[in-house]
>>> print(open('target16.json').read())   # JSON, C-alpha atoms
[["chain", "number", "residue", "atom", "x", "y", "z"],
["A", 291, "MET", "CA", 9.58, -29.68, 4.41],
["A", 292, "THR", "CA", 9.27, -28.20, 7.89],
["A", 293, "THR", "CA", 5.88, -28.90, 9.44],
["A", 294, "ARG", "CA", 3.80, -26.23, 11.05],
["A", 295, "ARG", "CA", 4.52, -27.66, 14.52],
["A", 296, "GLN", "CA", 8.27, -27.79, 13.86],
["A", 297, "PHE", "CA", 8.25, -24.23, 12.52],
["A", 298, "LEU", "CA", 6.37, -22.82, 15.51],
["A", 299, "THR", "CA", 8.77, -24.68, 17.81],
["A", 300, "LEU", "CA", 11.68, -23.03, 16.04],
["A", 301, "LEU", "CA", 10.04, -19.67, 16.59],
["A", 302, "GLY", "CA", 9.78, -20.47, 20.25],
["A", 303, "ALA", "CA", 6.06, -19.64, 20.32],
["A", 304, "THR", "CA", 6.98, -15.97, 20.08],
["A", 305, "SER", "CA", 4.71, -13.12, 19.07],
["A", 306, "LEU", "CA", 6.00, -13.63, 15.53],
["A", 307, "SER", "CA", 4.40, -17.07, 15.38],
["A", 308, "ALA", "CA", 1.07, -15.60, 16.43],
["A", 309, "ALA", "CA", 1.24, -13.08, 13.59],
["A", 310, "ILE", "CA", 1.46, -15.76, 10.89],
["A", 311, "THR", "CA", -1.77, -17.04, 9.38],
["A", 312, "PRO", "CA", -2.04, -20.83, 9.80],
["A", 313, "SER", "CA", -3.18, -21.18, 6.18],
["A", 314, "VAL", "CA", 0.31, -20.31, 4.94],
["A", 315, "PHE", "CA", 1.31, -23.88, 5.75],
["A", 316, "ALA", "CA", -1.16, -25.28, 3.24],
["A", 317, "GLU", "CA", -0.06, -25.68, -0.36],
["A", 318, "PRO", "CA", -3.11, -25.43, -2.64],
["A", 319, "PRO", "CA", -2.56, -25.30, -6.39],
["A", 320, "ALA", "CA", -2.15, -21.81, -7.82],
["A", 321, "GLU", "CA", -5.19, -20.64, -9.78],
["A", 322, "PRO", "CA", -5.49, -17.66, -12.15],
["A", 323, "PHE", "CA", -7.42, -14.60, -10.97],
["A", 324, "THR", "CA", -7.69, -10.83, -11.25],
["A", 325, "PHE", "CA", -7.57, -8.20, -8.53],
["A", 326, "LEU", "CA", -7.43, -4.41, -8.35],
["A", 327, "PHE", "CA", -4.63, -2.23, -7.03],
["A", 328, "ILE", "CA", -6.25, 1.07, -6.12],
["A", 329, "THR", "CA", -3.94, 3.62, -4.56],
["A", 330, "ASP", "CA", -3.72, 7.25, -3.47],
["A", 331, "THR", "CA", -7.40, 8.12, -3.39],
["A", 332, "HIS", "CA", -6.62, 11.13, -1.19],
["A", 333, "ILE", "CA", -10.31, 11.61, -0.53],
["A", 334, "GLN", "CA", -11.46, 15.02, 0.74],
["A", 335, "PRO", "CA", -14.62, 17.14, 0.42],
["A", 336, "GLU", "CA", -12.86, 19.71, -1.79],
["A", 337, "LEU", "CA", -12.07, 19.65, -5.55],
["A", 338, "ASN", "CA", -14.84, 17.11, -6.24],
["A", 339, "ALA", "CA", -12.59, 14.45, -4.76],
["A", 340, "THR", "CA", -15.49, 12.49, -3.30],
["A", 341, "ILE", "CA", -17.23, 12.48, -6.68],
["A", 342, "GLY", "CA", -14.01, 11.36, -8.36],
["A", 343, "THR", "CA", -13.37, 8.54, -5.88],
["A", 344, "ASP", "CA", -16.97, 7.40, -6.30],
["A", 345, "MET", "CA", -16.54, 7.40, -10.10],
["A", 346, "ALA", "CA", -13.36, 5.35, -9.85],
["A", 347, "PHE", "CA", -14.86, 2.82, -7.45],
["A", 348, "LYS", "CA", -18.02, 2.36, -9.50],
["A", 349, "GLN", "CA", -15.95, 1.74, -12.65],
["A", 350, "ALA", "CA", -13.74, -0.66, -10.71],
["A", 351, "ARG", "CA", -16.82, -2.53, -9.53],
["A", 352, "ALA", "CA", -17.70, -3.34, -13.14],
["A", 353, "ILE", "CA", -14.41, -5.23, -13.57],
["A", 354, "LYS", "CA", -14.51, -8.91, -12.68],
["A", 355, "ALA", "CA", -12.04, -9.04, -9.82],
["A", 356, "ASP", "CA", -11.72, -11.21, -6.72],
["A", 357, "PHE", "CA", -10.76, -8.36, -4.38],
["A", 358, "ALA", "CA", -8.96, -5.01, -4.21],
["A", 359, "ILE", "CA", -5.83, -3.79, -2.46],
["A", 360, "ASN", "CA", -5.74, -0.15, -1.51],
["A", 361, "GLY", "CA", -2.11, 0.93, -1.83],
["A", 362, "GLY", "CA", -2.32, 3.69, 0.77],
["A", 363, "ASP", "CA", -3.07, 7.39, 1.19],
["A", 364, "HIS", "CA", -6.76, 6.75, 1.58],
["A", 365, "VAL", "CA", -7.36, 10.32, 2.80],
["A", 366, "PHE", "CA", -5.99, 13.80, 2.29],
["A", 367, "ASP", "CA", -4.85, 14.39, 4.89],
["A", 368, "ALA", "CA", -4.48, 13.04, 8.42],
["A", 369, "LEU", "CA", -0.89, 14.14, 9.03],
["A", 370, "GLY", "CA", -1.30, 17.77, 9.94],
["A", 371, "VAL", "CA", -4.99, 18.56, 10.39],
["A", 372, "PRO", "CA", -7.06, 18.66, 13.58],
["A", 373, "LYS", "CA", -8.15, 15.26, 14.80],
["A", 374, "GLN", "CA", -11.84, 15.77, 14.01],
["A", 375, "ARG", "CA", -11.04, 16.66, 10.40],
["A", 376, "ALA", "CA", -8.92, 13.51, 10.07],
["A", 377, "LEU", "CA", -11.66, 11.33, 11.54],
["A", 378, "ALA", "CA", -14.24, 12.88, 9.20],
["A", 379, "LEU", "CA", -12.01, 12.10, 6.21],
["A", 380, "TYR", "CA", -11.72, 8.47, 7.30],
["A", 381, "ASP", "CA", -15.52, 8.33, 7.62],
["A", 382, "LEU", "CA", -15.87, 9.77, 4.13],
["A", 383, "TYR", "CA", -13.49, 7.20, 2.70],
["A", 384, "GLY", "CA", -15.24, 4.33, 4.48],
["A", 385, "LYS", "CA", -18.61, 5.35, 3.11],
["A", 386, "THR", "CA", -17.29, 5.74, -0.43],
["A", 387, "GLU", "CA", -15.39, 2.43, -0.37],
["A", 388, "GLN", "CA", -18.72, 0.62, -0.17],
["A", 389, "ASP", "CA", -19.20, 1.43, -3.86],
["A", 390, "LEU", "CA", -16.45, -1.05, -4.70],
["A", 391, "GLY", "CA", -18.55, -3.97, -3.58],
["A", 392, "LEU", "CA", -15.34, -5.98, -3.04],
["A", 393, "LYS", "CA", -13.24, -7.24, -0.19],
["A", 394, "VAL", "CA", -10.51, -4.60, 0.30],
["A", 395, "TYR", "CA", -7.08, -5.15, 1.83],
["A", 396, "HIS", "CA", -5.53, -1.94, 3.11],
["A", 397, "THR", "CA", -1.94, -0.65, 2.90],
["A", 398, "LEU", "CA", -0.84, 2.17, 5.19],
["A", 399, "GLY", "CA", 0.13, 5.41, 3.43],
["A", 400, "ASN", "CA", 1.94, 8.40, 4.89],
["A", 401, "HIS", "CA", -1.15, 10.63, 4.62],
["A", 402, "ASP", "CA", -3.12, 8.03, 6.61],
["A", 403, "VAL", "CA", -0.99, 8.55, 9.73],
["A", 404, "LEU", "CA", -2.90, 10.67, 12.22],
["A", 405, "GLY", "CA", -1.58, 13.83, 13.78],
["A", 406, "ILE", "CA", 2.19, 13.34, 13.66],
["A", 407, "TYR", "CA", 2.80, 16.84, 12.34],
["A", 408, "PRO", "CA", 2.78, 19.28, 15.29],
["A", 409, "ALA", "CA", 0.44, 21.56, 13.30],
["A", 410, "SER", "CA", -2.31, 18.98, 13.83],
["A", 411, "GLY", "CA", -2.53, 19.88, 17.51],
["A", 412, "THR", "CA", -2.70, 16.16, 18.35],
["A", 413, "SER", "CA", -0.60, 14.93, 21.24],
["A", 414, "PRO", "CA", 1.55, 11.80, 20.87],
["A", 415, "THR", "CA", -0.30, 10.51, 23.94],
["A", 416, "ASP", "CA", -3.63, 10.58, 22.08],
["A", 417, "PRO", "CA", -4.99, 7.02, 21.79],
["A", 418, "LEU", "CA", -5.45, 7.44, 18.02],
["A", 419, "TYR", "CA", -2.09, 9.12, 17.35],
["A", 420, "GLY", "CA", 0.11, 7.90, 14.52],
["A", 421, "LYS", "CA", -0.84, 4.52, 13.06],
["A", 422, "LYS", "CA", -3.27, 3.61, 15.81],
["A", 423, "HIS", "CA", -6.34, 5.03, 14.10],
["A", 424, "PHE", "CA", -5.54, 3.30, 10.80],
["A", 425, "GLU", "CA", -5.19, -0.01, 12.63],
["A", 426, "GLU", "CA", -8.42, 0.58, 14.52],
["A", 427, "ARG", "CA", -10.23, 1.11, 11.20],
["A", 428, "PHE", "CA", -8.55, -1.44, 8.95],
["A", 429, "GLY", "CA", -6.46, -3.86, 11.03],
["A", 430, "LYS", "CA", -2.72, -4.40, 11.29],
["A", 431, "ALA", "CA", -0.39, -2.12, 9.37],
["A", 432, "PHE", "CA", 1.58, -5.11, 8.06],
["A", 433, "TYR", "CA", 0.25, -8.63, 7.52],
["A", 434, "SER", "CA", -0.10, -11.42, 4.99],
["A", 435, "PHE", "CA", -2.90, -13.46, 3.46],
["A", 436, "ASN", "CA", -3.39, -16.23, 0.92],
["A", 437, "HIS", "CA", -5.59, -16.38, -2.16],
["A", 438, "LYS", "CA", -5.92, -19.20, -4.69],
["A", 439, "GLY", "CA", -2.48, -20.60, -4.00],
["A", 440, "HIS", "CA", -0.76, -17.20, -3.93],
["A", 441, "HIS", "CA", 0.75, -15.51, -0.86],
["A", 442, "PHE", "CA", 0.23, -11.77, -0.40],
["A", 443, "ILE", "CA", 2.39, -9.61, 1.85],
["A", 444, "VAL", "CA", 1.29, -6.09, 2.82],
["A", 445, "LEU", "CA", 4.09, -3.96, 4.24],
["A", 446, "ASP", "CA", 4.11, -0.80, 6.36],
["A", 447, "SER", "CA", 6.62, 1.56, 4.74],
["A", 448, "ILE", "CA", 5.98, 4.58, 6.98],
["A", 449, "GLY", "CA", 8.67, 5.36, 9.51],
["A", 450, "ILE", "CA", 7.73, 8.07, 12.03],
["A", 451, "THR", "CA", 10.76, 10.20, 12.83],
["A", 452, "ASP", "CA", 11.76, 11.74, 16.15],
["A", 453, "ASP", "CA", 10.95, 15.23, 14.89],
["A", 454, "ARG", "CA", 7.34, 14.22, 14.12],
["A", 455, "ALA", "CA", 7.67, 13.71, 10.38],
["A", 456, "TYR", "CA", 7.89, 10.56, 8.26],
["A", 457, "GLU", "CA", 10.37, 8.69, 6.10],
["A", 458, "GLY", "CA", 10.21, 5.58, 3.96],
["A", 459, "ARG", "CA", 11.39, 2.72, 6.17],
["A", 460, "ILE", "CA", 10.61, -0.90, 7.03],
["A", 461, "ASP", "CA", 11.47, -1.08, 10.71],
["A", 462, "SER", "CA", 13.43, -3.84, 12.42],
["A", 463, "ALA", "CA", 10.41, -5.50, 14.05],
["A", 464, "GLN", "CA", 8.71, -5.73, 10.67],
["A", 465, "LEU", "CA", 11.85, -7.12, 9.02],
["A", 466, "GLN", "CA", 11.94, -9.82, 11.68],
["A", 467, "TRP", "CA", 8.29, -10.60, 11.02],
["A", 468, "LEU", "CA", 8.93, -10.73, 7.27],
["A", 469, "VAL", "CA", 11.74, -13.27, 7.72],
["A", 470, "ALA", "CA", 9.37, -15.51, 9.68],
["A", 471, "ASP", "CA", 6.47, -15.02, 7.26],
["A", 472, "LEU", "CA", 8.58, -15.92, 4.21],
["A", 473, "ALA", "CA", 10.07, -18.93, 6.02],
["A", 474, "ALA", "CA", 6.58, -20.31, 6.54],
["A", 475, "VAL", "CA", 5.64, -20.13, 2.84],
["A", 476, "PRO", "CA", 6.05, -23.43, 0.98],
["A", 477, "SER", "CA", 8.86, -23.37, -1.55],
["A", 478, "GLY", "CA", 7.82, -22.12, -4.97],
["A", 479, "THR", "CA", 4.63, -20.45, -3.78],
["A", 480, "PRO", "CA", 3.97, -17.32, -5.89],
["A", 481, "ILE", "CA", 4.24, -14.18, -3.76],
["A", 482, "ILE", "CA", 2.85, -10.68, -4.38],
["A", 483, "VAL", "CA", 3.79, -7.66, -2.24],
["A", 484, "SER", "CA", 1.98, -4.38, -1.61],
["A", 485, "VAL", "CA", 3.78, -1.35, -0.20],
["A", 486, "HIS", "CA", 2.96, 2.36, -0.27],
["A", 487, "ILE", "CA", 6.32, 4.15, -0.46],
["A", 488, "PRO", "CA", 8.25, 2.35, -3.21],
["A", 489, "LEU", "CA", 10.99, -0.12, -2.50],
["A", 490, "VAL", "CA", 12.40, 0.46, -5.99],
["A", 491, "THR", "CA", 11.79, 3.56, -8.12],
["A", 492, "ALA", "CA", 13.58, 5.90, -10.50],
["A", 493, "PHE", "CA", 11.34, 8.82, -9.56],
["A", 494, "ASP", "CA", 14.09, 11.10, -8.30],
["A", 495, "SER", "CA", 15.78, 10.72, -11.69],
["A", 496, "TYR", "CA", 12.76, 12.40, -13.26],
["A", 497, "VAL", "CA", 12.29, 15.14, -10.66],
["A", 498, "PRO", "CA", 15.30, 15.56, -8.35],
["A", 499, "VAL", "CA", 14.26, 16.85, -4.93],
["A", 500, "PRO", "CA", 16.86, 18.91, -3.01],
["A", 501, "SER", "CA", 17.50, 17.74, 0.55],
["A", 502, "THR", "CA", 16.62, 21.23, 1.79],
["A", 503, "VAL", "CA", 13.08, 20.67, 0.49],
["A", 504, "ALA", "CA", 12.75, 17.10, 1.77],
["A", 505, "PRO", "CA", 14.95, 16.63, 4.86],
["A", 506, "HIS", "CA", 13.74, 13.03, 5.27],
["A", 507, "HIS", "CA", 14.02, 10.17, 2.80],
["A", 508, "GLY", "CA", 10.40, 10.12, 1.71],
["A", 509, "LEU", "CA", 10.27, 9.14, -1.97],
["A", 510, "SER", "CA", 11.44, 5.57, -1.46],
["A", 511, "VAL", "CA", 12.19, 3.15, 1.37],
["A", 512, "ILE", "CA", 15.59, 4.07, 2.76],
["A", 513, "ASN", "CA", 16.47, 0.49, 3.77],
["A", 514, "SER", "CA", 14.93, -1.18, 0.73],
["A", 515, "ALA", "CA", 18.09, -3.24, 0.15],
["A", 516, "GLU", "CA", 17.40, -5.12, 3.39],
["A", 517, "VAL", "CA", 13.88, -5.96, 2.24],
["A", 518, "ILE", "CA", 14.84, -6.92, -1.31],
["A", 519, "ARG", "CA", 17.52, -9.26, 0.02],
["A", 520, "LEU", "CA", 14.85, -11.19, 1.92],
["A", 521, "PHE", "CA", 12.94, -11.82, -1.33],
["A", 522, "GLU", "CA", 15.86, -13.76, -2.81],
["A", 523, "GLY", "CA", 15.15, -17.47, -3.14],
["A", 524, "HIS", "CA", 11.39, -16.88, -3.15],
["A", 525, "ASN", "CA", 8.98, -16.81, -6.07],
["A", 526, "VAL", "CA", 8.08, -13.10, -5.93],
["A", 527, "LEU", "CA", 5.87, -12.30, -8.93],
["A", 528, "GLY", "CA", 5.82, -8.56, -8.31],
["A", 529, "VAL", "CA", 5.80, -5.66, -5.87],
["A", 530, "LEU", "CA", 2.94, -3.16, -6.19],
["A", 531, "GLN", "CA", 3.67, 0.39, -5.03],
["A", 532, "GLY", "CA", 1.99, 3.81, -4.72],
["A", 533, "HIS", "CA", 2.99, 7.22, -3.36],
["A", 534, "THR", "CA", 4.46, 8.95, -6.44],
["A", 535, "HIS", "CA", 1.20, 9.05, -8.47],
["A", 536, "ILE", "CA", 2.90, 7.90, -11.68],
["A", 537, "ASN", "CA", 2.94, 4.67, -13.68],
["A", 538, "GLU", "CA", 6.38, 3.12, -13.52],
["A", 539, "ARG", "CA", 7.89, -0.35, -13.83],
["A", 540, "VAL", "CA", 11.43, -1.16, -12.73],
["A", 541, "GLU", "CA", 12.68, -4.73, -12.88],
["A", 542, "TRP", "CA", 15.44, -5.94, -10.59],
["A", 543, "LYS", "CA", 16.71, -9.53, -10.48],
["A", 544, "GLY", "CA", 13.64, -10.70, -12.35],
["A", 545, "VAL", "CA", 11.14, -9.05, -9.97],
["A", 546, "PRO", "CA", 8.99, -6.20, -11.36],
["A", 547, "TYR", "CA", 8.47, -3.26, -9.01],
["A", 548, "ILE", "CA", 5.30, -1.69, -10.37],
["A", 549, "THR", "CA", 4.23, 1.76, -9.22],
["A", 550, "SER", "CA", 0.64, 2.69, -10.01],
["A", 551, "GLY", "CA", -0.82, 6.02, -10.93],
["A", 552, "ALA", "CA", -3.21, 7.54, -8.42],
["A", 553, "VAL", "CA", -6.99, 7.60, -8.27],
["A", 554, "CYS", "CA", -6.57, 11.32, -7.51],
["A", 555, "GLY", "CA", -4.04, 12.00, -10.28],
["A", 556, "ASN", "CA", -2.30, 15.26, -9.39],
["A", 557, "TRP", "CA", -4.13, 15.52, -6.03],
["A", 558, "TRP", "CA", -7.45, 16.07, -7.88],
["A", 559, "GLN", "CA", -5.92, 18.75, -10.09],
["A", 560, "GLY", "CA", -5.36, 16.94, -13.38],
["A", 561, "THR", "CA", -2.55, 14.68, -14.55],
["A", 562, "ARG", "CA", 0.54, 13.86, -12.52],
["A", 563, "MET", "CA", 3.61, 13.90, -14.77],
["A", 564, "GLY", "CA", 1.41, 12.78, -17.62],
["A", 565, "THR", "CA", -0.40, 10.08, -15.64],
["A", 566, "PRO", "CA", -4.18, 10.65, -15.45],
["A", 567, "GLU", "CA", -6.49, 9.65, -12.62],
["A", 568, "GLY", "CA", -6.93, 5.89, -12.50],
["A", 569, "PHE", "CA", -6.13, 2.53, -10.93],
["A", 570, "THR", "CA", -4.34, -0.69, -11.86],
["A", 571, "VAL", "CA", -5.94, -4.00, -12.85],
["A", 572, "VAL", "CA", -3.72, -6.97, -12.02],
["A", 573, "SER", "CA", -4.05, -10.41, -13.62],
["A", 574, "VAL", "CA", -2.21, -13.41, -12.22],
["A", 575, "ALA", "CA", -1.72, -16.66, -14.13],
["A", 576, "ASN", "CA", 0.99, -19.25, -14.70],
["A", 577, "ASP", "CA", 3.47, -17.65, -12.31],
["A", 578, "LYS", "CA", 3.21, -14.28, -14.04],
["A", 579, "LEU", "CA", 1.72, -10.96, -13.05],
["A", 580, "THR", "CA", 0.45, -8.58, -15.73],
["A", 581, "THR", "CA", -1.09, -5.15, -15.25],
["A", 582, "HIS", "CA", -2.98, -2.50, -17.14],
["A", 583, "TYR", "CA", -4.01, 0.98, -16.06],
["A", 584, "GLU", "CA", -7.68, 2.01, -16.08],
["A", 585, "THR", "CA", -8.68, 5.65, -16.31],
["A", 586, "TYR", "CA", -12.21, 6.68, -15.48],
["A", 587, "GLY", "CA", -12.87, 10.08, -17.08],
["A", 588, "PHE", "CA", -12.60, 12.46, -14.14],
["A", 589, "LYS", "CA", -12.45, 16.15, -15.07],
["A", 590, "ALA", "CA", -10.64, 18.37, -12.57],
["A", 591, "VAL", "CA", -12.39, 21.58, -11.59],
["A", 592, "ASN", "CA", -9.05, 23.33, -11.14],
["A", 593, "PRO", "CA", -6.60, 21.50, -13.40],
["A", 594, "LYS", "CA", -2.88, 21.96, -12.81],
["A", 595, "ASN", "CA", -1.48, 19.26, -15.06],
["A", 596, "THR", "CA", 2.16, 18.27, -14.67]]
>>> encode(input="target16.json", output="structure tokens")
Amino acid sequence: MTTRRQFLTLLGATSLSAAITPSVFAEPPAEPFTFLFITDTHIQPELNATIGTDMAFKQARAIKADFAINGGDHVFDALGVPKQRALALYDLYGKTEQDLGLKVYHTLGNHDVLGIYPASGTSPTDPLYGKKHFEERFGKAFYSFNHKGHHFIVLDSIGITDDRAYEGRIDSAQLQWLVADLAAVPSGTPIIVSVHIPLVTAFDSYVPVPSTVAPHHGLSVINSAEVIRLFEGHNVLGVLQGHTHINERVEWKGVPYITSGAVCGNWWQGTRMGTPEGFTVVSVANDKLTTHYETYGFKAVNPKNT
């Protein structure tokens, strides 16, 4: 097996080597545990969204879990609103997250990107523009960590387009980082991935979206095949996804791609394609990942169920 020193030499002491946590070179035995995948809170002052998020987090706190992963779209919305509104929403989320009482790992969602829509009035030269504010609040937009013999990879699936919009994409720099990160993981180590915009989904089979409505590829990651190819030969237990607000499981080459329903349901207006407000509880044991969906009894003040 390649040693840490040999591996870093191969990398040529590049910036990629600096991005890899030294602990990935250890090989502790895998232990069973439970964690929470909480996605698409879309917190806002309106529609009792703060009350709903608080309800969800307090129920989640009662579950015996080691930590939580937020799957993205923490706020609604930072894309196209004035900067001060976006910052206030982030503050609101941060205050409410304390009710979880858990360590939280954060995944970047499209609605977390600050000011890229021209309607926001935010200039691309603003120091908090785009992903910068998210990273200032939560840390890097893509990274990895280890827990009880398992390796977690958190990806940034938000590609900012030239016309100040977004698409689902894992960019080339991140792909290069992912190659290096996976190479550093001891063979056979169980791996779990978090991503906001799905790598694999059948969503557009349920609700086809005309290209005139969505000019950019926003329902899934446009270059997902490149990412999935990198998983081959590794012990990937599952990929956890958000964005579409529905519960869905698609298995490809033995890897389950599990999309979770949203804390906010149909953006705080009832059920989303039959999926109520909730979050996913993930149990890991014996090289297997199992999930169940927890609802928490939120009642929309202006229900528009789909």
>>> residues_near_point(input="target16.json", point="(13.2, 0.8, -13.2)", cutoff="8 Å", atoms="all atoms listed in the file", output="short mmCIF file (atom, residue, chain, number, x, y, z; two decimals) with C-alpha atoms, in the frame of the given file")
data_model
loop_
_atom_site.label_atom_id
_atom_site.label_comp_id
_atom_site.auth_asym_id
_atom_site.auth_seq_id
_atom_site.Cartn_x
_atom_site.Cartn_y
_atom_site.Cartn_z
CA VAL A 490 12.40 0.46 -5.99
CA THR A 491 11.79 3.56 -8.12
CA ALA A 492 13.58 5.90 -10.50
CA GLU A 538 6.38 3.12 -13.52
CA ARG A 539 7.89 -0.35 -13.83
CA VAL A 540 11.43 -1.16 -12.73
CA GLU A 541 12.68 -4.73 -12.88
CA TRP A 542 15.44 -5.94 -10.59
CA TYR A 547 8.47 -3.26 -9.01
#
>>> closest_residue(input="target16.json", among="A:Phe323, A:Phe569, A:Phe424, A:Phe588", to="A:Asn537", atoms="all atoms listed in the file")
A:Phe569
>>> atom_distance(input="target16.json", atom1="atom CA of A:Thr585", atom2="atom CA of A:Asp330")
13.9 Å
>>> closest_residue(input="target16.json", among="A:Thr397, A:Lys543, A:Ala409, A:Gly439", to="A:Val483", atoms="all atoms listed in the file")
A:Thr397
>>> closest_residue(input="target16.json", among="A:Val365, A:Ala455, A:Ile406, A:Ile512", to="A:Asp381", atoms="all atoms listed in the file")
A:Val365
>>> residues_near_point(input="target16.json", point="(-13.7, -2.2, -2.3)", cutoff="8 Å", atoms="all atoms listed in the file", output="ChimeraX atom specification")
/A:347,351,357-358,387-394
>>> write_last_selection(input="target16.json", atoms="C-alpha atoms", output="PDB file, in the coordinates of the input")
ATOM      1  CA  PHE A 347     -14.860   2.820  -7.450  1.00  0.00           C
ATOM      2  CA  ARG A 351     -16.820  -2.530  -9.530  1.00  0.00           C
ATOM      3  CA  PHE A 357     -10.760  -8.360  -4.380  1.00  0.00           C
ATOM      4  CA  ALA A 358      -8.960  -5.010  -4.210  1.00  0.00           C
ATOM      5  CA  GLU A 387     -15.390   2.430  -0.370  1.00  0.00           C
ATOM      6  CA  GLN A 388     -18.720   0.620  -0.170  1.00  0.00           C
ATOM      7  CA  ASP A 389     -19.200   1.430  -3.860  1.00  0.00           C
ATOM      8  CA  LEU A 390     -16.450  -1.050  -4.700  1.00  0.00           C
ATOM      9  CA  GLY A 391     -18.550  -3.970  -3.580  1.00  0.00           C
ATOM     10  CA  LEU A 392     -15.340  -5.980  -3.040  1.00  0.00           C
ATOM     11  CA  LYS A 393     -13.240  -7.240  -0.190  1.00  0.00           C
ATOM     12  CA  VAL A 394     -10.510  -4.600   0.300  1.00  0.00           C
TER      13      VAL A 394
END
>>> closest_residue(input="target16.json", among="A:Gly508, A:Gly532, A:Gly399, A:Gly458", to="A:Leu369", atoms="only C-alpha atoms")
A:Gly399
>>> atom_distance(input="target16.json", atom1="atom CA of A:Thr581", atom2="atom CA of A:Ile548")
8.8 Å
>>> closest_residue(input="target16.json", among="A:His533, A:His423, A:His437, A:His401", to="A:Ile328", atoms="all atoms listed in the file")
A:His533
